[in-house]
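Q: Data: structure.cif, mmCIF, C-alpha atoms and all ligand atoms.
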data_work
loop_
_atom_site.label_atom_id
_atom_site.label_comp_id
_atom_site.auth_asym_id
_atom_site.auth_seq_id
_atom_site.Cartn_x
_atom_site.Cartn_y
_atom_site.Cartn_z
CA MET H 1 76.25 100.59 101.42
CA SER H 2 76.00 103.85 103.18
CA LYS H 3 79.18 105.35 104.52
CA ARG H 4 78.19 107.84 107.09
CA PRO H 5 77.79 108.24 110.78
CA GLY H 6 74.36 107.63 112.06
CA ARG H 7 73.40 105.00 110.12
CA SER H 8 75.02 101.96 108.62
CA TYR H 9 78.62 100.88 108.67
CA CYS H 10 80.83 100.85 105.61
CA PHE H 11 81.41 97.11 105.91
CA ASP H 12 79.14 94.12 105.47
CA VAL H 13 78.47 91.56 108.14
CA ARG H 14 78.30 87.95 106.98
CA THR H 15 77.26 84.87 108.92
CA ASP H 16 78.94 81.63 107.94
CA PRO H 17 76.16 79.16 107.07
CA ILE H 18 78.03 76.24 108.64
CA THR H 19 79.85 77.59 111.68
CA HIS H 20 77.38 80.47 112.25
CA ARG H 21 80.36 82.66 112.99
CA LYS H 22 79.93 86.25 112.02
CA SER H 23 82.54 88.25 110.15
CA ALA H 24 82.89 91.79 108.97
CA ILE H 25 83.81 92.22 105.31
CA PHE H 26 85.74 95.32 104.34
CA SER H 27 85.99 96.19 100.63
CA CYS H 28 88.76 98.35 99.26
CA HIS H 29 87.51 101.65 97.90
CA TYR H 30 89.95 101.54 94.99
CA CYS H 31 89.97 97.94 93.82
CA PRO H 32 87.89 94.75 94.14
CA ALA H 33 89.98 93.46 97.08
CA HIS H 34 88.22 92.66 100.30
CA THR H 35 89.17 91.28 103.65
CA GLU H 36 87.27 89.49 106.34
CA VAL H 37 87.68 89.77 110.09
CA THR H 38 86.00 87.47 112.56
CA ILE H 39 83.55 89.05 114.95
CA SER H 40 84.03 87.64 118.43
CA GLY H 41 81.84 88.17 121.44
CA HIS H 42 78.10 88.26 121.76
CA VAL H 43 77.67 91.86 120.81
CA HIS H 44 79.23 93.14 117.64
CA ASN H 45 81.60 95.94 118.51
CA PRO H 46 82.20 97.67 115.17
CA GLU H 47 85.27 99.49 116.48
CA MET H 48 86.90 96.14 117.17
CA SER H 49 86.24 95.03 113.59
CA VAL H 50 87.81 98.22 112.30
CA LYS H 51 90.77 97.70 114.62
CA ARG H 52 91.25 94.10 113.46
CA CYS H 53 91.01 95.23 109.84
CA ARG H 54 93.76 97.79 110.52
CA GLU H 55 95.87 95.12 112.19
CA LYS H 56 95.79 93.28 108.86
CA GLY H 57 97.49 96.24 107.21
CA TRP H 58 94.36 97.85 105.84
CA GLU H 59 93.29 101.42 106.25
CA ALA H 60 89.82 101.23 107.71
CA ASP H 61 87.04 103.39 109.02
CA MET H 62 83.64 102.64 110.47
CA TYR H 63 81.52 104.88 108.33
CA THR H 64 83.56 106.27 105.49
CA GLY H 65 83.97 103.74 102.69
CA ARG H 66 86.59 105.74 100.87
CA LEU H 67 88.88 105.45 103.89
CA VAL H 68 88.93 101.66 103.46
CA VAL H 69 92.07 100.92 101.46
CA CYS H 70 93.80 97.57 100.96
CA PRO H 71 97.58 97.27 101.50
CA ASP H 72 98.21 97.01 97.74
CA CYS H 73 96.38 100.23 96.98
CA GLN H 74 98.13 101.98 99.86
CA ARG H 75 101.42 101.00 98.28
CA LYS H 76 100.26 102.13 94.84
CA ARG H 77 99.18 105.42 96.33
CA LYS H 78 102.59 105.92 97.88
CA GLU H 79 104.27 105.12 94.56
CA ASP H 80 101.95 107.58 92.81
CA ARG H 81 102.99 110.22 95.26
CA LYS H 82 106.66 109.49 94.57
CA VAL H 83 106.32 109.52 90.79
CA GLN H 84 104.05 112.56 90.57
CA SER H 85 104.12 112.59 86.79
CA PRO H 86 101.28 114.74 85.45
CA THR H 87 100.62 112.20 82.71
CA LYS H 88 100.35 109.29 85.12
CA PRO H 89 96.89 109.22 86.61
CA THR H 90 96.70 108.88 90.35
CA LEU H 91 94.64 106.09 91.84
CA VAL H 92 91.01 106.60 90.93
CA PRO H 93 88.21 105.50 93.28
CA ARG H 94 86.38 102.34 92.22
CA PRO H 95 82.86 103.79 91.86
CA PRO H 96 83.09 106.85 89.66
CA ALA H 97 80.75 108.69 92.00
CA GLN H 98 83.03 111.53 92.97
CA GLN H 99 85.32 111.95 90.02
CA PRO H 100 87.08 115.22 90.59
CA PRO H 101 86.66 117.39 87.51
CA ALA H 102 89.50 118.13 85.18
CA ARG H 103 90.97 121.39 86.32
CA THR H 104 94.19 123.12 85.65
CA PRO H 105 95.97 122.96 88.95
CA ASP H 106 98.81 125.17 89.99
CA THR H 107 101.01 122.13 90.31
CA PRO H 108 100.14 118.45 90.40
CA ASP H 109 101.78 118.31 93.83
CA THR H 110 99.50 120.91 95.31
CA ARG H 111 96.38 119.49 93.72
CA THR H 112 97.22 116.00 94.95
CA LYS H 113 97.83 117.23 98.46
CA ILE H 114 94.59 119.22 98.58
CA ARG H 115 92.67 116.22 97.27
CA GLN H 116 94.31 113.88 99.76
CA LEU H 117 93.32 116.14 102.63
CA LEU H 118 89.78 116.49 101.31
CA ASP H 119 89.59 112.71 100.82
CA GLY H 120 90.69 112.14 104.35
CA PHE H 121 88.99 114.94 106.20
CA PHE H 122 85.89 116.05 104.34
CA ASP H 123 82.73 113.98 104.68
CA ASP H 124 80.92 114.83 101.48
CA LYS H 125 77.73 113.08 102.55
CA LEU H 126 77.40 115.15 105.68
CA GLY H 127 79.02 118.19 104.15
CA THR H 128 81.40 118.64 107.03
CA TYR H 129 85.08 118.62 107.81
CA LEU H 130 86.43 115.97 110.15
CA SER H 131 89.12 116.31 112.79
CA ASP H 132 92.53 114.85 113.20
CA GLY H 133 94.51 114.83 116.44
CA ARG H 134 95.09 118.57 116.10
CA GLY H 135 91.47 119.60 115.67
CA PRO H 136 88.97 120.04 112.86
CA TYR H 137 89.99 120.66 109.28
CA SER H 138 88.62 123.57 107.25
CA ASP H 139 89.16 125.19 103.85
CA GLU H 140 91.43 127.63 105.65
CA ARG H 141 93.52 124.97 107.33
CA ILE H 142 94.01 123.04 104.08
CA ALA H 143 94.93 126.27 102.30
CA LYS H 144 97.52 126.99 104.97
CA GLU H 145 98.96 123.49 104.93
CA CYS H 146 99.17 123.45 101.13
CA ASN H 147 100.30 127.05 100.90
CA VAL H 148 97.57 128.04 98.43
CA PRO H 149 94.81 130.67 98.44
CA VAL H 150 91.75 129.54 100.37
CA ASP H 151 89.64 130.18 97.25
CA GLN H 152 91.46 127.40 95.45
CA VAL H 153 90.65 124.91 98.19
CA ARG H 154 87.05 126.10 98.35
CA GLN H 155 86.70 125.72 94.60
CA ILE H 156 88.06 122.17 94.55
CA ARG H 157 85.95 121.22 97.53
CA GLU H 158 82.75 122.73 96.11
CA THR H 159 83.24 121.14 92.69
CA ALA H 160 84.51 117.71 93.66
CA TYR H 161 83.19 117.13 97.16
CA GLY H 162 80.24 119.49 97.54
CA PRO H 163 79.19 122.29 99.86
CA ILE H 164 79.60 122.62 103.61
CA LYS H 165 76.18 121.74 105.00
CA MET H 166 76.98 121.30 108.63
CA ASP H 167 76.64 124.16 111.11
CA PRO H 168 79.40 124.45 113.75
CA GLU H 169 77.15 123.25 116.57
CA MET H 170 76.22 120.06 114.75
CA ALA H 171 79.82 119.53 113.70
CA LYS H 172 80.93 119.81 117.32
CA LEU H 173 78.32 117.26 118.40
CA LEU H 174 79.65 114.84 115.79
CA THR H 175 83.21 115.41 116.97
CA ASP H 176 82.14 114.78 120.55
CA VAL H 177 80.52 111.51 119.53
CA GLU H 178 83.64 110.44 117.64
CA ASN H 179 85.83 111.25 120.65
CA MET H 180 83.50 109.32 122.91
CA LYS H 181 83.63 106.35 120.54
CA ALA H 182 87.42 106.44 120.62
CA LYS H 183 87.22 106.21 124.42
CA GLN H 184 84.74 103.37 124.08
CA LEU H 185 87.20 101.54 121.87
CA ASP H 186 89.95 101.90 124.48
CA LEU H 187 87.55 100.66 127.11
CA ALA H 188 86.53 97.68 124.99
CA VAL H 189 90.19 96.70 124.65
CA ASP H 190 90.64 96.98 128.44
CA ILE H 191 87.54 94.87 129.07
CA ASP H 192 88.80 92.29 126.61
CA HIS H 193 92.11 92.11 128.48
CA LEU H 194 90.42 91.88 131.84
CA GLN H 195 88.02 89.21 130.65
CA ARG H 196 90.92 87.10 129.47
CA LYS H 197 92.59 87.48 132.87
CA VAL H 198 89.36 86.42 134.58
CA ASN H 199 89.06 83.40 132.29
CA ASP H 200 92.64 82.36 133.05
CA ALA H 201 92.08 82.82 136.78
CA LEU H 202 88.90 80.74 136.67
CA LYS H 203 90.70 78.02 134.76
CA ALA H 204 93.60 78.04 137.21
CA ARG H 205 91.10 77.46 140.02
CA GLY H 206 89.33 74.71 138.14
CA LEU H 207 86.18 76.80 137.94
CA ALA H 208 85.99 77.03 134.18
ZN ZN Z 1 92.69 98.02 96.84
#
Could you render the structure as structure tokens?
Ligand SMILES: [Zn+2]

A:
Amino acid sequence: MSKRPGRSYCFDVRTDPITHRKSAIFSCHYCPAHTEVTISGHVHNPEMSVKRCREKGWEADMYTGRLVVCPDCQRKRKEDRKVQSPTKPTLVPRPPAQQPPARTPDTPDTRTKIRQLLDGFFDDKLGTYLSDGRGPYSDERIAKECNVPVDQVRQIRETAYGPIKMDPEMAKLLTDVENMKAKQLDLAVDIDHLQRKVNDALKARGLA
């Protein structure tokens, strides 16, 4: 399964052989757990599937498989954060594709925080930082938020996640698309609402 924009989604779509209903299957990045959400409507709206997956308590994303995390693993991750013992390994991704190398961090706290931000906001396939509500992430921003030299962030990113490949123009285009998709999702929810109203109104008038 590919996990990047452009391209294919990070979940599988399955058609039930008997009912012919389609569902989207999300697999946890950290354990074998998976969850299934029913796809309604004639056209598959992937954002809706992601939204339904989130409603079930999962962390989910359309393209980035490592952002798909089951409720159990979310809890484990939180506990890991609380314990923060250097001898206790933090949750390791299921496929050992991007094992961060063994380094001597300044503190386990700092290393964990840098890695969490890179996990969440660096797309290693595209080689670009992603945005949160406050704008795009960068080595500099992570360094500032973790209170470490930018070289340390750059080093971890280069070793464990790879180089920055995306030029700013391309990165902006991607951000624009993501923002547009977020609007599309809002619109899809509105349409869904409206359609239900229409259906009720038709029923009330004996027309459906
Ligand atoms: Zn899991």

Q: Show which residues sit within 9 Å of Leu67 of chain H, as a short mmCIF file (atom, residue, chain, number, x, y, z; two decimals) with C-alpha atoms, keeping the file's coordinate frame. Count only C-alpha atoms, and ignore same-chain residues fewer than 4 positions away.

A:
data_model
loop_
_atom_site.label_atom_id
_atom_site.label_comp_id
_atom_site.auth_asym_id
_atom_site.auth_seq_id
_atom_site.Cartn_x
_atom_site.Cartn_y
_atom_site.Cartn_z
CA CYS H 28 88.76 98.35 99.26
CA HIS H 29 87.51 101.65 97.90
CA GLU H 59 93.29 101.42 106.25
CA ALA H 60 89.82 101.23 107.71
CA ASP H 61 87.04 103.39 109.02
CA MET H 62 83.64 102.64 110.47
CA TYR H 63 81.52 104.88 108.33
CA ASP H 119 89.59 112.71 100.82
CA GLY H 120 90.69 112.14 104.35
#

Q: Just how far from atom CA of Leu117 of chain H is atom CA of Asp72 of chain H, in Å to one decimal?

A: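 We find that atom CA of Asp72 of chain H and atom CA of Leu117 of chain H lie 20.3 Å from each other.
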
Q: In Å, how far is it from atom CA of Asp132 of chain H to atom CA of Cys146 of chain H?

A: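 Separation between atom CA of Asp132 of chain H and atom CA of Cys146 of chain H: 16.2 Å.
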
Q: Could you tell me, counting all atoms listed in the file, which protein and nucleic acid residues lie no more than 8 Å from ligand ZN 1 (chain Z), written as number ranges by chain?

A: H: 27-34, 69-74

Q: Quote the spacing between atom CA of Gly127 of chain H and atom CA of Lys51 of chain H in Å to one decimal place.

A: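 It comes out at 25.8 Å.
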
Q: So, counting all atoms listed in the file, which residue among H:Tyr129, H:Glu55, H:Leu174, H:Lys22 is closest to Gly41 of chain H?

A: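 Among the listed residues, H:Lys22 lies closest to Gly41 of chain H.
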